[in-house]
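*Asks:* Compact mmCIF, C-alpha atoms and all ligand atoms, file entry23.txt:
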# COMPACT_ATOMS: atom_id res chain seq x y z
CA MET A 1 34.21 -2.43 9.41
CA SER A 2 36.27 -5.62 9.67
CA ALA A 3 39.83 -5.82 8.38
CA THR A 4 38.80 -8.12 5.53
CA GLU A 5 36.17 -5.82 4.06
CA PRO A 6 37.15 -3.29 1.42
CA ASP A 7 36.95 0.29 2.56
CA THR A 8 34.28 1.83 0.33
CA ARG A 9 33.94 5.08 2.25
CA VAL A 10 33.54 8.17 0.14
CA LYS A 11 36.41 10.57 0.60
CA LEU A 12 35.09 14.03 1.34
CA HIS A 13 36.49 16.93 -0.59
CA LYS A 14 36.91 20.21 1.18
CA PRO A 15 35.41 22.73 1.03
CA ARG A 16 31.93 21.18 1.07
CA GLY A 17 30.38 24.07 -0.81
CA ARG A 18 31.01 26.59 -3.57
CA LEU A 19 29.95 30.13 -4.18
CA GLU A 20 30.20 31.75 -7.59
CA TRP A 21 29.08 35.21 -8.59
CA LEU A 22 28.89 37.51 -11.53
CA GLU A 23 28.62 41.26 -11.74
CA GLU A 24 25.39 42.30 -13.39
CA PRO A 25 24.36 45.76 -14.64
CA ASP A 26 22.11 46.19 -11.61
CA GLY A 27 24.00 44.20 -8.97
CA PHE A 28 25.23 40.59 -8.80
CA SER A 29 24.01 37.13 -9.56
CA VAL A 30 25.10 34.53 -7.05
CA CYS A 31 25.14 30.75 -7.27
CA THR A 32 25.94 28.57 -4.28
CA THR A 33 26.16 24.81 -4.23
CA HIS A 34 26.41 22.58 -1.20
CA ARG A 35 27.73 19.05 -1.29
CA ASP A 36 26.54 16.38 1.14
CA ALA A 37 28.30 13.04 1.21
CA TYR A 38 27.73 10.34 3.77
CA GLU A 39 27.80 6.62 4.44
CA ILE A 40 24.82 4.46 5.29
CA VAL A 41 26.18 1.54 7.30
CA ILE A 42 23.83 -1.44 7.61
CA ARG A 43 25.22 -4.21 9.78
CA SER A 44 24.24 -6.22 12.83
CA ALA A 45 26.06 -5.05 15.97
CA ALA A 46 27.26 -1.88 14.17
CA ARG A 47 26.06 0.11 17.22
CA HIS A 48 29.10 -1.10 19.16
CA GLU A 49 31.31 0.84 16.74
CA LEU A 50 29.50 4.14 17.17
CA ASP A 51 32.58 5.54 18.92
CA GLU A 52 34.82 4.72 15.95
CA TYR A 53 32.49 6.41 13.47
CA VAL A 54 32.17 9.44 15.75
CA GLU A 55 35.94 9.69 16.08
CA ARG A 56 36.36 9.65 12.31
CA LEU A 57 33.86 12.47 11.98
CA THR A 58 35.32 14.51 14.83
CA ALA A 59 38.79 14.21 13.29
CA GLU A 60 37.38 15.60 10.07
CA ILE A 61 35.44 18.51 11.53
CA GLY A 62 37.55 19.19 14.61
CA SER A 63 34.57 18.59 16.82
CA GLY A 64 34.67 18.41 20.55
CA GLU A 65 31.39 17.15 21.94
CA ILE A 66 28.36 14.94 21.42
CA VAL A 67 24.68 15.51 22.10
CA LEU A 68 22.63 12.34 21.92
CA ILE A 69 18.85 12.69 21.56
CA SER A 70 16.58 9.77 22.30
CA ASP A 71 13.10 9.00 23.55
CA GLU A 72 12.42 7.50 26.94
CA LEU A 73 11.53 4.04 25.63
CA VAL A 74 14.54 3.66 23.34
CA ALA A 75 16.79 5.11 26.04
CA GLY A 76 15.51 2.51 28.52
CA HIS A 77 16.65 -0.28 26.22
CA TRP A 78 19.74 1.10 24.52
CA LEU A 79 21.14 4.27 26.10
CA GLU A 80 23.59 2.50 28.39
CA GLU A 81 25.23 0.75 25.43
CA ALA A 82 25.43 4.00 23.48
CA LEU A 83 27.04 5.81 26.38
CA SER A 84 29.56 3.06 27.04
CA SER A 85 30.60 3.13 23.38
CA LEU A 86 30.80 6.94 23.31
CA GLU A 87 32.78 6.99 26.56
CA ARG A 88 35.72 5.60 24.60
CA THR A 89 35.86 8.81 22.55
CA ARG A 90 36.62 10.83 25.73
CA LEU A 91 34.45 13.60 24.30
CA ARG A 92 31.89 15.40 26.42
CA VAL A 93 28.60 13.57 25.91
CA SER A 94 25.20 14.98 26.88
CA ALA A 95 22.23 12.62 26.58
CA LEU A 96 18.82 14.28 26.31
CA THR A 97 15.66 12.20 26.45
CA ILE A 98 12.21 13.30 25.37
CA ALA A 99 8.76 11.75 25.79
CA ARG A 100 7.92 9.19 23.16
CA GLY A 101 5.18 9.65 20.60
CA GLU A 102 4.24 11.95 17.73
CA ARG A 103 3.27 14.75 20.17
CA SER A 104 6.96 15.24 20.84
CA LYS A 105 7.58 16.10 17.18
CA SER A 106 6.56 19.68 17.95
CA ILE A 107 8.00 23.15 17.88
CA GLU A 108 7.64 23.19 21.70
CA THR A 109 9.87 20.13 22.14
CA LEU A 110 12.31 21.58 19.62
CA ALA A 111 12.40 24.90 21.49
CA GLY A 112 12.99 22.99 24.74
CA LEU A 113 15.97 21.27 23.12
CA TRP A 114 17.35 24.58 21.78
CA ASP A 115 17.15 25.91 25.36
CA ARG A 116 18.90 22.86 26.81
CA LEU A 117 21.72 23.03 24.27
CA LEU A 118 22.28 26.70 25.02
CA GLU A 119 22.14 26.07 28.79
CA ILE A 120 24.74 23.32 28.57
CA GLY A 121 26.85 25.57 26.35
CA VAL A 122 26.90 23.29 23.30
CA SER A 123 29.06 24.82 20.59
CA ARG A 124 28.85 24.91 16.79
CA ARG A 125 31.37 22.10 16.70
CA ALA A 126 29.11 19.59 18.42
CA ILE A 127 27.73 16.49 16.75
CA ILE A 128 24.12 15.58 17.38
CA ILE A 129 23.22 11.90 17.39
CA ALA A 130 19.57 11.02 16.67
CA TYR A 131 19.16 7.74 18.55
CA GLY A 132 15.62 6.46 18.11
CA GLY A 133 12.72 5.97 15.73
CA GLY A 134 11.52 8.20 12.92
CA ILE A 135 10.28 10.83 15.33
CA ILE A 136 13.72 11.24 16.88
CA CYS A 137 15.41 11.30 13.44
CA ASP A 138 13.03 14.01 12.18
CA LEU A 139 13.23 16.10 15.37
CA ALA A 140 16.95 15.77 16.11
CA GLY A 141 17.71 16.34 12.42
CA PHE A 142 15.73 19.58 12.52
CA LEU A 143 17.49 20.52 15.75
CA ALA A 144 20.84 19.93 14.01
CA ALA A 145 19.70 21.96 10.99
CA THR A 146 18.79 24.97 13.11
CA TYR A 147 21.14 25.03 16.10
CA MET A 148 23.82 27.64 15.45
CA ARG A 149 22.74 27.60 11.77
CA GLY A 150 23.49 23.92 11.49
CA VAL A 151 25.66 21.35 13.22
CA PRO A 152 26.52 17.89 11.87
CA TYR A 153 24.37 14.97 12.92
CA ILE A 154 24.32 11.19 12.82
CA ASN A 155 21.18 9.11 12.47
CA VAL A 156 21.08 5.90 14.46
CA PRO A 157 17.56 4.70 13.60
CA THR A 158 16.18 2.09 15.98
CA SER A 159 12.72 1.30 14.52
CA LEU A 160 12.20 -0.60 11.28
CA LEU A 161 10.34 2.36 9.79
CA ALA A 162 13.21 4.72 10.52
CA GLN A 163 15.81 2.21 9.31
CA ILE A 164 14.24 1.80 5.88
CA ASP A 165 12.68 5.22 5.46
CA GLY A 166 12.78 7.99 8.07
CA ALA A 167 16.55 8.14 8.52
CA ILE A 168 17.27 8.29 4.78
CA GLY A 169 16.79 11.22 2.44
CA GLY A 170 17.55 14.22 4.63
CA LYS A 171 13.98 15.30 5.30
CA VAL A 172 13.76 16.78 8.79
CA ALA A 173 10.61 18.21 10.32
CA VAL A 174 8.27 18.90 13.18
CA ASP A 175 4.48 18.90 13.07
CA HIS A 176 2.17 21.92 13.30
CA PRO A 177 -1.35 21.76 14.78
CA GLN A 178 -2.57 22.20 11.18
CA GLY A 179 -0.76 19.14 9.90
CA LYS A 180 2.16 16.76 10.00
CA ASN A 181 5.67 17.73 8.90
CA LEU A 182 4.60 21.26 7.96
CA LEU A 183 7.78 22.82 9.37
CA GLY A 184 11.09 21.46 8.26
CA SER A 185 13.91 21.35 5.80
CA PHE A 186 16.24 19.13 3.84
CA TYR A 187 19.34 18.57 5.94
CA HIS A 188 21.39 15.43 5.44
CA PRO A 189 23.12 13.53 8.23
CA ARG A 190 26.87 12.91 8.09
CA LEU A 191 26.34 9.21 8.77
CA VAL A 192 23.46 6.75 9.09
CA LEU A 193 24.26 3.77 11.29
CA ILE A 194 21.70 0.99 10.97
CA ASP A 195 21.88 -1.96 13.33
CA PRO A 196 19.06 -4.50 12.78
CA GLU A 197 19.61 -5.82 16.32
CA PHE A 198 17.79 -2.75 17.67
CA LEU A 199 14.63 -4.37 16.34
CA THR A 200 14.82 -7.12 18.98
CA THR A 201 13.22 -4.77 21.53
CA LEU A 202 10.69 -3.17 19.19
CA GLU A 203 7.07 -4.12 19.90
CA HIS A 204 5.18 -6.15 17.30
CA ARG A 205 2.90 -3.28 16.28
CA PRO A 206 5.61 -0.78 15.25
CA LEU A 207 7.65 -3.62 13.75
CA VAL A 208 4.94 -4.65 11.30
CA ALA A 209 4.01 -1.01 10.68
CA GLY A 210 7.58 -0.50 9.48
CA LEU A 211 7.28 -3.60 7.36
CA ALA A 212 4.44 -1.95 5.42
CA GLU A 213 6.98 0.56 4.05
CA ALA A 214 9.21 -2.31 2.94
CA VAL A 215 6.22 -3.87 1.17
CA LYS A 216 5.65 -0.52 -0.52
CA VAL A 217 9.16 -0.28 -1.95
CA SER A 218 9.04 -3.93 -3.03
CA LEU A 219 5.85 -3.23 -4.98
CA LEU A 220 7.57 -0.29 -6.65
CA ALA A 221 10.75 -2.02 -7.66
CA SER A 222 11.50 -5.55 -6.54
CA ALA A 223 9.56 -8.80 -6.72
CA PRO A 224 12.47 -10.64 -5.02
CA LEU A 225 12.20 -8.25 -2.05
CA PHE A 226 8.46 -8.93 -1.89
CA GLU A 227 9.24 -12.67 -1.80
CA ARG A 228 11.79 -12.17 0.96
CA ILE A 229 9.32 -10.16 3.04
CA SER A 230 6.65 -12.84 2.50
CA ALA A 231 9.05 -15.54 3.65
CA TRP A 232 10.02 -13.52 6.73
CA VAL A 233 6.36 -12.96 7.62
CA GLY A 234 5.67 -16.67 7.01
CA GLN A 235 8.39 -17.55 9.52
CA GLY A 236 6.86 -15.22 12.14
CA LEU A 237 9.40 -12.39 11.70
CA PRO A 238 12.35 -14.01 13.47
CA LEU A 239 14.79 -11.41 14.76
CA GLY A 240 17.17 -13.92 16.31
CA GLU A 241 18.81 -14.31 12.92
CA PRO A 242 19.22 -10.73 11.84
CA THR A 243 20.22 -11.69 8.31
CA ALA A 244 16.58 -11.67 7.13
CA ALA A 245 15.98 -8.20 8.57
CA GLU A 246 19.37 -7.00 7.38
CA SER A 247 18.79 -7.99 3.76
CA ILE A 248 15.26 -6.54 3.75
CA ILE A 249 16.57 -3.25 5.17
CA THR A 250 19.49 -3.09 2.74
CA GLU A 251 17.32 -3.71 -0.30
CA SER A 252 14.62 -1.29 0.86
CA VAL A 253 17.22 1.44 1.39
CA ALA A 254 18.72 0.78 -2.05
CA ILE A 255 15.31 1.18 -3.69
CA LYS A 256 14.53 4.33 -1.71
CA LEU A 257 17.86 5.84 -2.81
CA ALA A 258 17.26 4.94 -6.45
CA LEU A 259 13.83 6.55 -6.37
CA LEU A 260 15.06 9.63 -4.49
CA GLN A 261 17.78 10.07 -7.08
CA GLN A 262 15.12 11.06 -9.60
CA ASP A 263 13.86 13.93 -7.43
CA PRO A 264 15.95 14.40 -4.27
CA PHE A 265 14.21 17.62 -3.21
CA GLU A 266 10.69 16.45 -4.04
CA LEU A 267 10.02 19.22 -6.49
CA GLY A 268 7.54 17.07 -8.39
CA ASP A 269 6.08 15.71 -5.16
CA LEU A 270 2.52 14.84 -6.05
CA ASP A 271 3.21 12.50 -8.90
CA ARG A 272 6.03 10.60 -7.29
CA LEU A 273 5.82 6.85 -7.27
CA LEU A 274 7.08 6.89 -3.70
CA ASN A 275 3.57 8.05 -2.79
CA LEU A 276 2.27 4.51 -3.35
CA GLY A 277 -0.27 3.77 -0.62
CA HIS A 278 0.29 7.20 0.90
CA GLU A 279 -2.59 9.14 -0.68
CA ILE A 280 -5.10 7.10 1.28
CA ALA A 281 -2.73 6.68 4.25
CA HIS A 282 -2.33 10.44 4.76
CA SER A 283 -6.05 10.96 4.49
CA LEU A 284 -6.85 8.11 6.91
CA GLU A 285 -4.30 9.41 9.43
CA ALA A 286 -5.71 12.93 9.21
CA VAL A 287 -9.37 11.95 9.65
CA THR A 288 -8.43 9.91 12.71
CA SER A 289 -6.34 12.78 14.18
CA TYR A 290 -3.11 10.76 13.89
CA GLU A 291 -4.18 8.77 16.93
CA ARG A 292 -5.77 5.56 15.71
CA TYR A 293 -3.17 4.34 13.21
CA LEU A 294 0.59 4.15 13.21
CA HIS A 295 1.83 5.62 9.94
CA GLY A 296 2.82 2.20 8.58
CA GLU A 297 -0.60 0.78 9.45
CA ALA A 298 -2.28 3.54 7.46
CA VAL A 299 0.14 2.79 4.61
CA ALA A 300 -0.93 -0.87 4.73
CA VAL A 301 -4.56 0.20 4.30
CA GLY A 302 -3.51 2.44 1.40
CA LEU A 303 -1.58 -0.39 -0.27
CA ALA A 304 -4.48 -2.82 0.10
CA VAL A 305 -7.03 -0.34 -1.25
CA THR A 306 -4.87 0.60 -4.23
CA ALA A 307 -4.16 -3.09 -4.95
CA ARG A 308 -7.91 -3.82 -5.00
CA LEU A 309 -8.49 -0.72 -7.14
CA ALA A 310 -5.80 -1.86 -9.59
CA ALA A 311 -7.46 -5.26 -9.97
CA GLN A 312 -10.90 -3.66 -10.28
CA GLU A 313 -9.67 -1.33 -13.04
CA GLY A 314 -7.75 -4.05 -14.87
CA VAL A 315 -4.42 -2.34 -14.12
CA CYS A 316 -3.12 -5.53 -12.49
CA ALA A 317 -4.25 -9.17 -12.53
CA PRO A 318 -6.63 -10.16 -9.70
CA ALA A 319 -4.02 -12.64 -8.42
CA VAL A 320 -1.50 -9.80 -7.94
CA SER A 321 -3.95 -7.85 -5.84
CA THR A 322 -4.81 -10.92 -3.76
CA THR A 323 -1.14 -11.70 -3.15
CA ILE A 324 -0.50 -8.16 -1.90
CA VAL A 325 -3.55 -8.05 0.38
CA ASP A 326 -2.81 -11.56 1.71
CA LEU A 327 0.73 -10.57 2.71
CA LEU A 328 -0.49 -7.48 4.55
CA ARG A 329 -3.15 -9.54 6.33
CA ALA A 330 -0.61 -12.22 7.26
CA ALA A 331 1.56 -9.49 8.80
CA ASP A 332 -1.37 -8.46 11.08
CA LEU A 333 -1.73 -5.16 9.24
CA PRO A 334 -5.10 -3.48 8.60
CA ILE A 335 -6.32 -3.81 5.00
CA SER A 336 -9.57 -1.80 4.83
CA VAL A 337 -10.88 1.67 5.50
CA PRO A 338 -13.40 1.24 8.37
CA PRO A 339 -16.93 1.73 6.91
CA GLU A 340 -17.63 4.79 9.08
CA LEU A 341 -14.53 6.51 7.64
CA VAL A 342 -14.94 5.75 3.93
CA SER A 343 -16.66 9.07 3.15
CA ALA A 344 -14.41 11.15 5.38
CA VAL A 345 -11.29 9.67 3.74
CA TRP A 346 -12.61 10.55 0.26
CA ALA A 347 -13.47 14.08 1.41
CA HIS A 348 -10.01 14.56 2.85
CA LEU A 349 -8.35 13.28 -0.33
CA ASP A 350 -9.96 16.33 -1.91
CA VAL A 351 -8.58 18.62 0.79
CA ILE A 352 -5.04 17.31 0.21
CA ARG A 353 -5.56 17.81 -3.53
CA ASN A 354 -5.39 14.21 -4.67
CA ILE A 355 -8.76 14.71 -6.34
CA ARG A 356 -9.19 16.87 -9.45
CA ASN A 357 -12.59 17.38 -11.04
CA GLY A 358 -14.01 14.54 -9.00
CA ALA A 359 -11.30 12.06 -10.04
CA LEU A 360 -8.74 10.60 -7.65
CA ARG A 361 -5.11 10.29 -8.69
CA VAL A 362 -3.34 7.27 -7.17
CA VAL A 363 -0.21 5.25 -7.65
CA MET A 364 -1.14 1.61 -8.18
CA PRO A 365 0.58 -1.70 -8.90
CA ILE A 366 0.70 -3.13 -12.41
CA ASP A 367 2.54 -6.13 -11.07
CA ILE A 368 4.73 -6.83 -8.06
CA GLY A 369 7.75 -4.61 -8.68
CA HIS A 370 6.04 -2.23 -11.14
CA CYS A 371 3.64 0.62 -10.51
CA THR A 372 1.92 3.35 -12.45
CA ILE A 373 -0.08 6.49 -11.73
CA VAL A 374 -3.78 6.45 -12.56
CA HIS A 375 -5.64 9.75 -12.66
CA ASP A 376 -9.29 8.92 -13.05
CA ILE A 377 -10.67 6.97 -10.11
CA SER A 378 -14.25 7.91 -9.30
CA GLU A 379 -15.80 7.91 -5.84
CA PRO A 380 -17.87 4.73 -6.44
CA GLN A 381 -14.75 2.91 -7.70
CA TYR A 382 -12.88 3.99 -4.56
CA ARG A 383 -15.81 2.92 -2.34
CA ASP A 384 -15.77 -0.58 -3.82
CA ALA A 385 -12.07 -0.97 -3.11
CA ALA A 386 -11.98 0.72 0.29
CA ARG A 387 -13.59 -2.11 2.29
N1 LIG A 401 11.91 12.02 7.19
C1 LIG A 401 11.34 11.09 6.49
O1 LIG A 401 11.65 10.88 5.32
C2 LIG A 401 10.32 10.22 7.13
C3 LIG A 401 9.88 9.07 6.48
C4 LIG A 401 8.97 8.26 7.12
C5 LIG A 401 8.50 8.60 8.38
N2 LIG A 401 8.94 9.72 8.99
C6 LIG A 401 8.44 10.10 10.32
O2 LIG A 401 8.80 9.07 11.24
C7 LIG A 401 7.86 9.06 12.30
C8 LIG A 401 7.43 7.64 12.56
O3 LIG A 401 8.57 6.86 12.82
P1 LIG A 401 8.50 5.60 13.77
O4 LIG A 401 7.40 4.71 13.39
O5 LIG A 401 9.86 5.06 13.90
O6 LIG A 401 7.99 6.28 15.13
P2 LIG A 401 8.64 6.44 16.55
O7 LIG A 401 9.90 7.17 16.49
O8 LIG A 401 7.58 6.96 17.44
O9 LIG A 401 8.92 4.95 16.97
C9 LIG A 401 7.82 4.07 17.19
C10 LIG A 401 7.79 3.59 18.65
O10 LIG A 401 8.78 2.60 18.81
C11 LIG A 401 9.64 2.93 19.88
N3 LIG A 401 10.96 2.40 19.52
C12 LIG A 401 11.77 2.83 18.51
N4 LIG A 401 12.84 2.02 18.44
C13 LIG A 401 12.71 1.08 19.39
C14 LIG A 401 13.47 -0.05 19.80
N5 LIG A 401 14.59 -0.39 19.16
N6 LIG A 401 13.02 -0.79 20.84
C15 LIG A 401 11.86 -0.47 21.48
N7 LIG A 401 11.09 0.55 21.13
C16 LIG A 401 11.51 1.32 20.10
C17 LIG A 401 9.55 4.41 20.05
O11 LIG A 401 9.82 4.78 21.39
C18 LIG A 401 8.10 4.65 19.69
O12 LIG A 401 7.29 4.46 20.82
C19 LIG A 401 6.70 9.94 11.86
O13 LIG A 401 6.76 11.15 12.57
C20 LIG A 401 6.95 10.17 10.39
O14 LIG A 401 6.46 11.41 9.95
C21 LIG A 401 9.83 10.53 8.39
ZN ZN A 402 5.52 6.49 4.69
So that I can check it, write out the structure of this file as structure tokens.
Ligand SMILES: NC(=O)c1ccc[n+]([C@@H]2O[C@H](COP(=O)([O-])OP(=O)(O)OC[C@H]3O[C@@H](n4cnc5c(N)ncnc54)[C@H](O)[C@@H]3O)[C@@H](O)[C@H]2O)c1
Ligand SMILES: [Zn+2]
*Replies:*
Amino acid sequence: MSATEPDTRVKLHKPRGRLEWLEEPDGFSVCTTHRDAYEIVIRSAARHELDEYVERLTAEIGSGEIVLISDELVAGHWLEEALSSLERTRLRVSALTIARGERSKSIETLAGLWDRLLEIGVSRRAIIIAYGGGIICDLAGFLAATYMRGVPYINVPTSLLAQIDGAIGGKVAVDHPQGKNLLGSFYHPRLVLIDPEFLTTLEHRPLVAGLAEAVKVSLLASAPLFERISAWVGQGLPLGEPTAAESIITESVAIKLALLQQDPFELGDLDRLLNLGHEIAHSLEAVTSYERYLHGEAVAVGLAVTARLAAQEGVCAPAVSTTIVDLLRAADLPISVPPELVSAVWAHLDVIRNIRNGALRVVMPIDIGHCTIVHDISEPQYRDAAR
């Protein structure tokens, strides 16, 4: 934070939780509440100030050491910088690197990390830093939630998907052979540090996959964001001037927070607007064993199919649907369910309970910036829109 900027940090009140109880005729009734408060910093070059943010947190919690978790690819590009910043804190820093890819988001990798932390003698007063994409944020967040019943952690998301989505909201998880994210919890970080300059080393494929999530939130809430994304895509996604990426990230995060506010623990999960594009995406990912599509690519297919469905059903104007599909195409994202998978995707939508009495329930755009939930899509209607 520069000297000229106002300090908008939330002051934490201690203690961070409350416990109240009443005597009852047959025992007690107990009510506990836990308060999480944290900053999300979004600024180019913010990574160089990691040490300052860590020092602020350590002063608050009396912490003495850092465990940084990264994957091999991110570490190759960015670990040296992280370590040279953290060196200034004079705290003990252990950097642990795991293999990249969704296979690492497993209970086995998590158990390996538990073992390593115990071997090194990491205490309850350590801070874990998740330094990588969405996989690292989910895995290191779950590690933080479980190690010694919970240690504080910081998310430093390095992929676009993690910067606008995975690092925000406190969902932490690992996958189970039976499905993605089946084991996990809600456990919020103590800080999210987003530096758009990380994106300069991200390959094109994960970059545009992350962009699909930004398109999703723009369709839910912001036509200006949609315009900004279109302009960025039209310019060939320049990362040299991080302002475009920075403003897209900031606005996407703001929309995600506003939508999460309505249901922060996802108690009404299935009907949430945030599912836009995700009904079909989850099904497509599952029927291709999570190997053929990056998550954001599957989301792009889901967005394109629901846009075509919306036009077909008269929920949105045909021009709206065309504009959405054209943007996804221009970003090199897939926009159709491959013909050989159309039936399997419908069948799996049933398995994941998006179909009731033969009718599919999907979130779809009314216009750019406004969506609704439609409950009565038939299989032939879906088939027309899928390709
Ligand atoms: N918790 C949530 O709310 C939430 C939301 C969305 C997604 N997710 C999870 O996030 C995961 C997907 O996230 P992702 O797409 O970031 O995957 P990822 O973590 O695998 O990152 C994608 C690839 O990019 C590489 N990478 C990341 N940052 C880089 C950089 N700056 N330079 C070069 N390479 C870089 C990674 O090594 C990886 O190979 C999934 O497991 C998904 O379930 C979680
Ligand atoms: Zn998603």
*Asks:* So that each row is one residue of region 269-377 of chain A with an atom at most 10 Å from region 229-238 of chain A, can you give its shortest atom pair and the distance in Å to one decimal, using all atoms listed in the file, rows by chain and rising number, as JSON lines?
*Replies:*
{"residue": "A:Thr323", "atom": "CA", "partner": "A:Ser230", "partner_atom": "CA", "distance": 9.7}
{"residue": "A:Ile324", "atom": "CA", "partner": "A:Ser230", "partner_atom": "CA", "distance": 9.6}
{"residue": "A:Asp326", "atom": "CA", "partner": "A:Ser230", "partner_atom": "CA", "distance": 9.6}
{"residue": "A:Leu327", "atom": "CA", "partner": "A:Ser230", "partner_atom": "CA", "distance": 6.3}
{"residue": "A:Leu328", "atom": "CA", "partner": "A:Ser230", "partner_atom": "CA", "distance": 9.2}
{"residue": "A:Ala330", "atom": "CA", "partner": "A:Val233", "partner_atom": "CA", "distance": 7.0}
{"residue": "A:Ala331", "atom": "CA", "partner": "A:Val233", "partner_atom": "CA", "distance": 6.0}
{"residue": "A:Asp332", "atom": "CA", "partner": "A:Val233", "partner_atom": "CA", "distance": 9.6}
*Asks:* Could you please determine the separation between CA of Ala385 (chain A) and CA of His348 (chain A) in Å, to one decimal place?
*Replies:*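 If I compute the distance from CA of Ala385 (chain A) to CA of His348 (chain A), I get 16.8 Å.
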*Asks:* Just the residues within 9 Å of region 340-342 of chain A, please, counting all atoms listed in the file, with nothing from its chain fewer than 6 positions along; format it as a list in words.
*Replies:*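 Everything that qualifies: Leu284, Val287, Thr288, Tyr382, Arg383, Ala386 and Arg387 of chain A.
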*Asks:* Would you mind listing, for every residue of chain A within 9 Å of ligand ZN 402 (chain A), the two atoms forming the shortest contact and the distance between them in Å to one decimal, using all atoms listed in the file, sorted by chain and ascending residue number, as CSV?
*Replies:*
residue,atom,partner,partner_atom,distance
A:Leu161,CA,A:ZN402,ZN,8.1
A:Asp165,CA,A:ZN402,ZN,7.3
A:Gly166,CA,A:ZN402,ZN,8.1
A:Gly210,CA,A:ZN402,ZN,8.7
A:Ala212,CA,A:ZN402,ZN,8.5
A:Glu213,CA,A:ZN402,ZN,6.1
A:Lys216,CA,A:ZN402,ZN,8.7
A:Leu274,CA,A:ZN402,ZN,8.5
A:Asn275,CA,A:ZN402,ZN,7.9
A:Leu276,CA,A:ZN402,ZN,8.9
A:Gly277,CA,A:ZN402,ZN,8.3
A:His278,CA,A:ZN402,ZN,6.5
A:Ala281,CA,A:ZN402,ZN,8.3
A:His282,CA,A:ZN402,ZN,8.8
A:His295,CA,A:ZN402,ZN,6.5
A:Gly296,CA,A:ZN402,ZN,6.4
A:Ala298,CA,A:ZN402,ZN,8.8
A:Val299,CA,A:ZN402,ZN,6.5
*Asks:* Output, as JSON, the centre and edge lengths in Å (one decimal) of the axis-aligned box that contains all listed atoms of ligand LIG 401 (chain A) with 8 Å of margin on each side.
*Replies:*
{"center_x": 10.5, "center_y": 5.6, "center_z": 13.4, "size_x": 24.1, "size_y": 28.8, "size_z": 32.2}
*Asks:* Rank nothing, just name the residue among A:Leu19, A:Met364, A:Ala304, A:Leu183 nearest to ligand LIG 401 (chain A), using all atoms listed in the file.
*Replies:*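 Checking each candidate against ligand LIG 401 (chain A), we get A:Leu183 as the closest.
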*Asks:* Please provide the set of residues having any atom within 12 Å of region 248-257 of chain A, restricted to all atoms listed in the file, with same-chain residues fewer than 5 positions apart removed, written as a ChimeraX atom specification.
*Replies:* /A:40-44,157,159-170,192-197,199,210-233,237,242-243,262-264,272-275,369
*Asks:* Quick one: distance from CA of Leu73 (chain A) to CA of Leu113 (chain A) in Å, one decimal?
*Replies:*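 That distance, rounded to one decimal, is 18.0 Å.
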*Asks:* In Å to one decimal, how far is CA of Pro189 (chain A) from CA of Ile154 (chain A)?
*Replies:*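 The value is 5.3 Å.
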*Asks:* Compare A:Ile120, A:Ile135, A:Ile280, A:Ala310 by their minimum atom-to-atom distance to ligand LIG 401 (chain A), counting all atoms listed in the file, and give me the closest one.
*Replies:*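 For ligand LIG 401 (chain A), the nearest of the given residues is A:Ile135.
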*Asks:* Might you pull out every residue within 10 Å of Ser185 (chain A), with only C-alpha atoms counted and same-chain residues fewer than 5 positions away left off, and present them as a list in words?
*Replies:*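 Residues meeting the cut-off are Asp138, Gly141, Phe142, Ala145, Thr146, Gly170, Lys171, Val172, Ala173, Val174 and Phe265 of chain A.
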*Asks:* Starting from the point (37.1, 10.1, 15.4), work out which residues of protein, DNA or RNA have an atom no more than 12 Å away when counting all atoms listed in the file; state them as a PyMOL selection string.
*Replies:* chain A and resi 49-66+86+88-91+127
*Asks:* Using all atoms listed in the file, can you tell me which of A:Ala95, A:Asp384, A:Ala359, A:Val67 comes closest to Val122 (chain A)?
*Replies:*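 Nearest candidate to Val122 (chain A) out of A:Ala95, A:Asp384, A:Ala359, A:Val67: A:Val67.
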